[in-house]
Amino acid sequence: MAKANENYLKLKAGYLFPEISRRINEFVEANPGKEVIRLGIGDVTRPLPPAAVKAFHEGVDDLAGTENFHGYGPEQGYAWLIDTIIEKAYNPLDVELDRSEMFISDGSKCDSANILDIFDLDNTVAIGDPVYPVYNDTNVMVGRTGEANEKGYYEGVVYMPCTEANNFMPEFPSENVDIIYLCYPNNPTGTVATKEQLKAWVDYALEKDAVILFDAAYEAFITEPGIPHSIYEIEGAKRCAIEFRSFSKTAGFTGVRCGLTVVPQELKVKGQSGDEVALNPLWNRRQSTKFNGVSYPVQRAAAAVYSDEGWTQVQETIDYYMENARIIREGLAEAGITCYGGVNAPYIWLKTPQGMSSWEFFDKLLQECFVVGTPGSGFGPSGEGYFRLSAFGERSTVEKAVSRIRDTWGK
């Protein structure tokens, strides 16, 4: 008889976002006609940039005839897209990358999970708390952890609390760790890391022979000068860090699927024999075996994002979302609610009022304001007492949601 991977049975309850959907569906069924405003899951609402749409159509047209037809593409991504990203996204940061160091994929969520394939299960992982659930859950799925305790912490994972006390920047682990997840701008707290803070982490990783998995999915939303957009802006990072980026929120590709991972040639770890092993060839082998590459029309659309016309359109959309973030942030402040983020990230991280738990606030917000957000406890035990709101919405509905919240808690 076939046997299941029982590591999946260790996972606590359901994945956060399906549980949110379940509660919303129950409310909608019991309250027909109520307008529910969804500021929970970070899905975009604005259309794709016209330049990307045009390139997408052109890519599809190429597939309609024999002259420009494309079948299997390179698993690593087309060279013309990689070169465009290096030139337009990294070189302006004074970051030089070789074409062989970048891998185009179907999203940073997938890559941040699949990257575990090239690491031994004996590695000790450190993640923030609260944290994007994928980091935690995928380590459980591959068998790196034991069972979860009553707080929700899994045996074998080092959790780094991110709270008001440390300005949502984790402190260095007291234990020895091998893999460190960092996400900046942060999901869910919306906070950012300075160059000095990232330099400290890079120095720490180099000293401990650890690898940083750096999620930069929201780097395009940084508005303040001097905040790093890439871990590779930090000296020494190519020897200790892998970076993930995404087109999902940057260019509205959540339904299109495109992202990238950078694995520097300089990045090496120890093999079982104690010899140094470069990670770039391992990731290349993994992708060549398990992935057939992103579709040609999608990569055409992704390249158009970085055209002068395309990037102007992208920036207009980002500005739209960040104005939503300002409206939410200032509206919450008017209601007397303490909040963070929303300046360099499309998320607002708020303290639940009146000492309510995260899920109590979720239910009250849904039932009294008909507004949906994300309970902070779903991101980890240190997220209890907090709540995340997303700026990915239409302006009119965002304003309406803020008005409802202000009317309820601003009395």
# chains A, B, ... in the order shown; residues from 1 in each chain; ligands from 1
>>> select_by_dssp(residues="range 213-351 of chain A", states="helix (DSSP H, G or I)", output="NGL selection string")
:A and (219-221 or 231-233 or 237-239 or 253-255 or 279-290 or 296-305 or 308-334)
>>> closest_residue(among="A:Met169, A:Met141, A:Leu332, A:Met102", to="Phe244 in chain A", atoms="only C-alpha atoms")
A:Met102
>>> select_by_dssp(residues="range 136-324 of chain A", states="strand (DSSP E or B)", output="VMD selection string")
chain A and resid 148 154 157 to 161 179 to 183 211 to 215 241 to 246 259 to 262 268 to 270 276 to 278
>>> closest_residue(among="A:Ser295, A:Ser230, A:Thr408, A:Thr163", to="Lys351 in chain A", atoms="only C-alpha atoms")
A:Thr163
>>> atom_distance(atom1="CA of Pro173 in chain A", atom2="CA of Asp129 in chain A")
12.4 Å
>>> residues_around(residues="Arg144 in chain A", least_positions_apart="4", cutoff="7 Å", atoms="only C-alpha atoms", output="PyMOL selection string")
chain A and resi 121+139-140+156
>>> closest_residue(among="A:Arg257, A:Arg326, A:Lys195, A:Arg239", to="Gly226 in chain A", atoms="only C-alpha atoms")
A:Lys195
>>> closest_residue(among="A:Tyr320, A:Phe221, A:Tyr154, A:Tyr340", to="Tyr184 in chain A", atoms="only C-alpha atoms")
A:Phe221
>>> closest_residue(among="A:Phe247, A:Gly252, A:Tyr347, A:Tyr306", to="Glu87 in chain A", atoms="only C-alpha atoms")
A:Tyr306
>>> residues_around(residues="Ala113 in chain A", least_positions_apart="4", cutoff="7 Å", atoms="only C-alpha atoms", output="ChimeraX atom specification")
/A:109,134-135,138
>>> residues_around(residues="Val142 in chain A", least_positions_apart="3", cutoff="9 Å", atoms="only C-alpha atoms", output="PDB file with C-alpha atoms, in the first residue's frame")
ATOM      1  CA  ASN A   5       4.022  12.010   3.468  1.00  0.00           C
ATOM      2  CA  ASN A   7       4.868  15.620   7.448  1.00  0.00           C
ATOM      3  CA  TYR A   8       1.776  17.281   5.994  1.00  0.00           C
ATOM      4  CA  LEU A 116      14.745  23.761  -0.002  1.00  0.00           C
ATOM      5  CA  ASP A 117      15.455  20.978  -2.522  1.00  0.00           C
ATOM      6  CA  LEU A 121      17.545  18.333   5.963  1.00  0.00           C
ATOM      7  CA  ASP A 137       5.029  25.402   6.294  1.00  0.00           C
ATOM      8  CA  THR A 138       7.320  24.240   3.505  1.00  0.00           C
ATOM      9  CA  ASN A 139      10.026  23.353   6.008  1.00  0.00           C
ATOM     10  CA  THR A 145      10.776  19.793  11.749  1.00  0.00           C
TER      11      THR A 145
END
>>> residues_around(residues="Val372 in chain A", least_positions_apart="3", cutoff="9 Å", atoms="only C-alpha atoms", output="ChimeraX atom specification")
/A:20,24,36-41,362-363,365-366,369,389
>>> closest_residue(among="A:Gly336, A:Leu267, A:Glu164, A:Val95", to="His229 in chain A", atoms="only C-alpha atoms")
A:Val95
>>> residues_around(residues="Gly271 in chain A", least_positions_apart="5", cutoff="10 Å", atoms="only C-alpha atoms", output="mmCIF file with C-alpha atoms, in the first residue's frame")
data_model
loop_
_atom_site.group_PDB
_atom_site.id
_atom_site.type_symbol
_atom_site.label_atom_id
_atom_site.label_comp_id
_atom_site.auth_asym_id
_atom_site.auth_seq_id
_atom_site.Cartn_x
_atom_site.Cartn_y
_atom_site.Cartn_z
ATOM 1 C CA PHE A 119 19.688 22.028 1.119
ATOM 2 C CA ASP A 120 20.281 19.073 3.429
ATOM 3 C CA GLU A 276 32.819 23.405 -0.572
ATOM 4 C CA VAL A 277 29.825 23.013 -2.873
ATOM 5 C CA ALA A 278 28.553 25.824 -5.104
#
>>> decode(residues="range 123-169 of chain A", atoms="N, CA and C atoms", output="short mmCIF file (atom, residue, chain, number, x, y, z; two decimals), in the first residue's frame")
data_model
loop_
_atom_site.label_atom_id
_atom_site.label_comp_id
_atom_site.auth_asym_id
_atom_site.auth_seq_id
_atom_site.Cartn_x
_atom_site.Cartn_y
_atom_site.Cartn_z
N ASN A 123 20.15 20.91 8.02
CA ASN A 123 20.32 22.35 8.26
C ASN A 123 19.28 22.86 9.24
N THR A 124 19.70 23.75 10.11
CA THR A 124 18.78 24.41 11.04
C THR A 124 18.32 25.73 10.42
N VAL A 125 17.01 25.93 10.40
CA VAL A 125 16.42 27.09 9.75
C VAL A 125 15.94 28.09 10.79
N ALA A 126 16.15 29.39 10.50
CA ALA A 126 15.65 30.47 11.35
C ALA A 126 14.69 31.32 10.53
N ILE A 127 13.51 31.57 11.08
CA ILE A 127 12.53 32.41 10.39
C ILE A 127 12.00 33.46 11.36
N GLY A 128 11.53 34.56 10.81
CA GLY A 128 10.93 35.59 11.63
C GLY A 128 9.59 35.14 12.18
N ASP A 129 9.11 35.86 13.17
CA ASP A 129 7.80 35.58 13.77
C ASP A 129 7.20 36.92 14.17
N PRO A 130 6.19 37.43 13.47
CA PRO A 130 5.39 36.78 12.42
C PRO A 130 6.15 36.66 11.10
N VAL A 131 5.61 35.80 10.22
CA VAL A 131 6.32 35.51 8.97
C VAL A 131 5.32 35.08 7.90
N TYR A 132 5.71 35.28 6.65
CA TYR A 132 4.95 34.74 5.52
C TYR A 132 4.85 33.23 5.72
N PRO A 133 3.66 32.66 5.81
CA PRO A 133 3.50 31.26 6.22
C PRO A 133 4.24 30.24 5.35
N VAL A 134 4.51 30.57 4.10
CA VAL A 134 5.15 29.61 3.20
C VAL A 134 6.52 29.18 3.72
N TYR A 135 7.27 30.09 4.33
CA TYR A 135 8.60 29.73 4.83
C TYR A 135 8.48 28.62 5.88
N ASN A 136 7.59 28.80 6.81
CA ASN A 136 7.43 27.85 7.90
C ASN A 136 6.87 26.52 7.39
N ASP A 137 5.76 26.62 6.66
CA ASP A 137 5.03 25.40 6.29
C ASP A 137 5.81 24.51 5.34
N THR A 138 6.58 25.09 4.44
CA THR A 138 7.32 24.24 3.51
C THR A 138 8.46 23.50 4.19
N ASN A 139 9.02 24.09 5.24
CA ASN A 139 10.03 23.35 6.01
C ASN A 139 9.41 22.19 6.76
N VAL A 140 8.16 22.35 7.20
CA VAL A 140 7.44 21.24 7.81
C VAL A 140 7.19 20.16 6.77
N MET A 141 6.75 20.55 5.59
CA MET A 141 6.39 19.60 4.54
C MET A 141 7.55 18.72 4.10
N VAL A 142 8.77 19.29 4.06
CA VAL A 142 9.92 18.51 3.59
C VAL A 142 10.49 17.62 4.69
N GLY A 143 10.01 17.77 5.93
CA GLY A 143 10.45 16.89 7.00
C GLY A 143 11.57 17.42 7.84
N ARG A 144 11.79 18.75 7.82
CA ARG A 144 12.88 19.31 8.60
C ARG A 144 12.50 19.51 10.07
N THR A 145 11.23 19.44 10.40
CA THR A 145 10.78 19.79 11.75
C THR A 145 10.15 18.61 12.48
N GLY A 146 9.98 18.81 13.78
CA GLY A 146 9.18 17.91 14.57
C GLY A 146 7.75 18.42 14.63
N GLU A 147 7.05 18.08 15.69
CA GLU A 147 5.66 18.53 15.86
C GLU A 147 5.64 19.97 16.38
N ALA A 148 4.50 20.60 16.24
CA ALA A 148 4.32 21.96 16.77
C ALA A 148 3.93 21.88 18.24
N ASN A 149 4.41 22.85 19.02
CA ASN A 149 4.01 22.91 20.42
C ASN A 149 2.71 23.70 20.57
N GLU A 150 2.30 23.95 21.81
CA GLU A 150 1.01 24.61 22.04
C GLU A 150 0.98 26.03 21.50
N LYS A 151 2.14 26.67 21.32
CA LYS A 151 2.19 28.03 20.77
C LYS A 151 2.15 28.04 19.24
N GLY A 152 2.43 26.88 18.65
CA GLY A 152 2.48 26.82 17.20
C GLY A 152 3.89 26.80 16.65
N TYR A 153 4.90 26.76 17.53
CA TYR A 153 6.28 26.67 17.10
C TYR A 153 6.64 25.21 16.84
N TYR A 154 7.31 24.97 15.72
CA TYR A 154 7.70 23.61 15.37
C TYR A 154 9.10 23.29 15.89
N GLU A 155 9.21 22.10 16.43
CA GLU A 155 10.51 21.62 16.89
C GLU A 155 11.48 21.57 15.72
N GLY A 156 12.68 22.10 15.93
CA GLY A 156 13.68 22.07 14.88
C GLY A 156 13.81 23.36 14.10
N VAL A 157 12.89 24.31 14.32
CA VAL A 157 12.97 25.62 13.68
C VAL A 157 13.28 26.67 14.75
N VAL A 158 14.16 27.60 14.43
CA VAL A 158 14.48 28.70 15.33
C VAL A 158 13.62 29.89 14.93
N TYR A 159 12.80 30.36 15.86
CA TYR A 159 11.90 31.47 15.58
C TYR A 159 12.48 32.76 16.15
N MET A 160 12.42 33.81 15.35
CA MET A 160 12.98 35.11 15.73
C MET A 160 11.85 36.12 15.85
N PRO A 161 11.39 36.41 17.07
CA PRO A 161 10.26 37.33 17.25
C PRO A 161 10.55 38.71 16.66
N CYS A 162 9.55 39.25 15.97
CA CYS A 162 9.62 40.60 15.40
C CYS A 162 8.46 41.39 15.99
N THR A 163 8.76 42.24 16.95
CA THR A 163 7.72 42.93 17.71
C THR A 163 8.04 44.42 17.80
N GLU A 164 7.12 45.14 18.45
CA GLU A 164 7.37 46.56 18.70
C GLU A 164 8.67 46.77 19.48
N ALA A 165 8.98 45.83 20.37
CA ALA A 165 10.14 45.97 21.24
C ALA A 165 11.45 46.05 20.44
N ASN A 166 11.52 45.35 19.30
CA ASN A 166 12.73 45.40 18.48
C ASN A 166 12.47 46.06 17.13
N ASN A 167 11.40 46.86 17.07
CA ASN A 167 11.05 47.59 15.84
C ASN A 167 10.87 46.65 14.65
N PHE A 168 10.36 45.45 14.96
CA PHE A 168 10.04 44.45 13.95
C PHE A 168 11.26 44.00 13.14
N MET A 169 12.43 44.12 13.74
CA MET A 169 13.67 43.60 13.14
C MET A 169 14.20 42.51 14.05
#
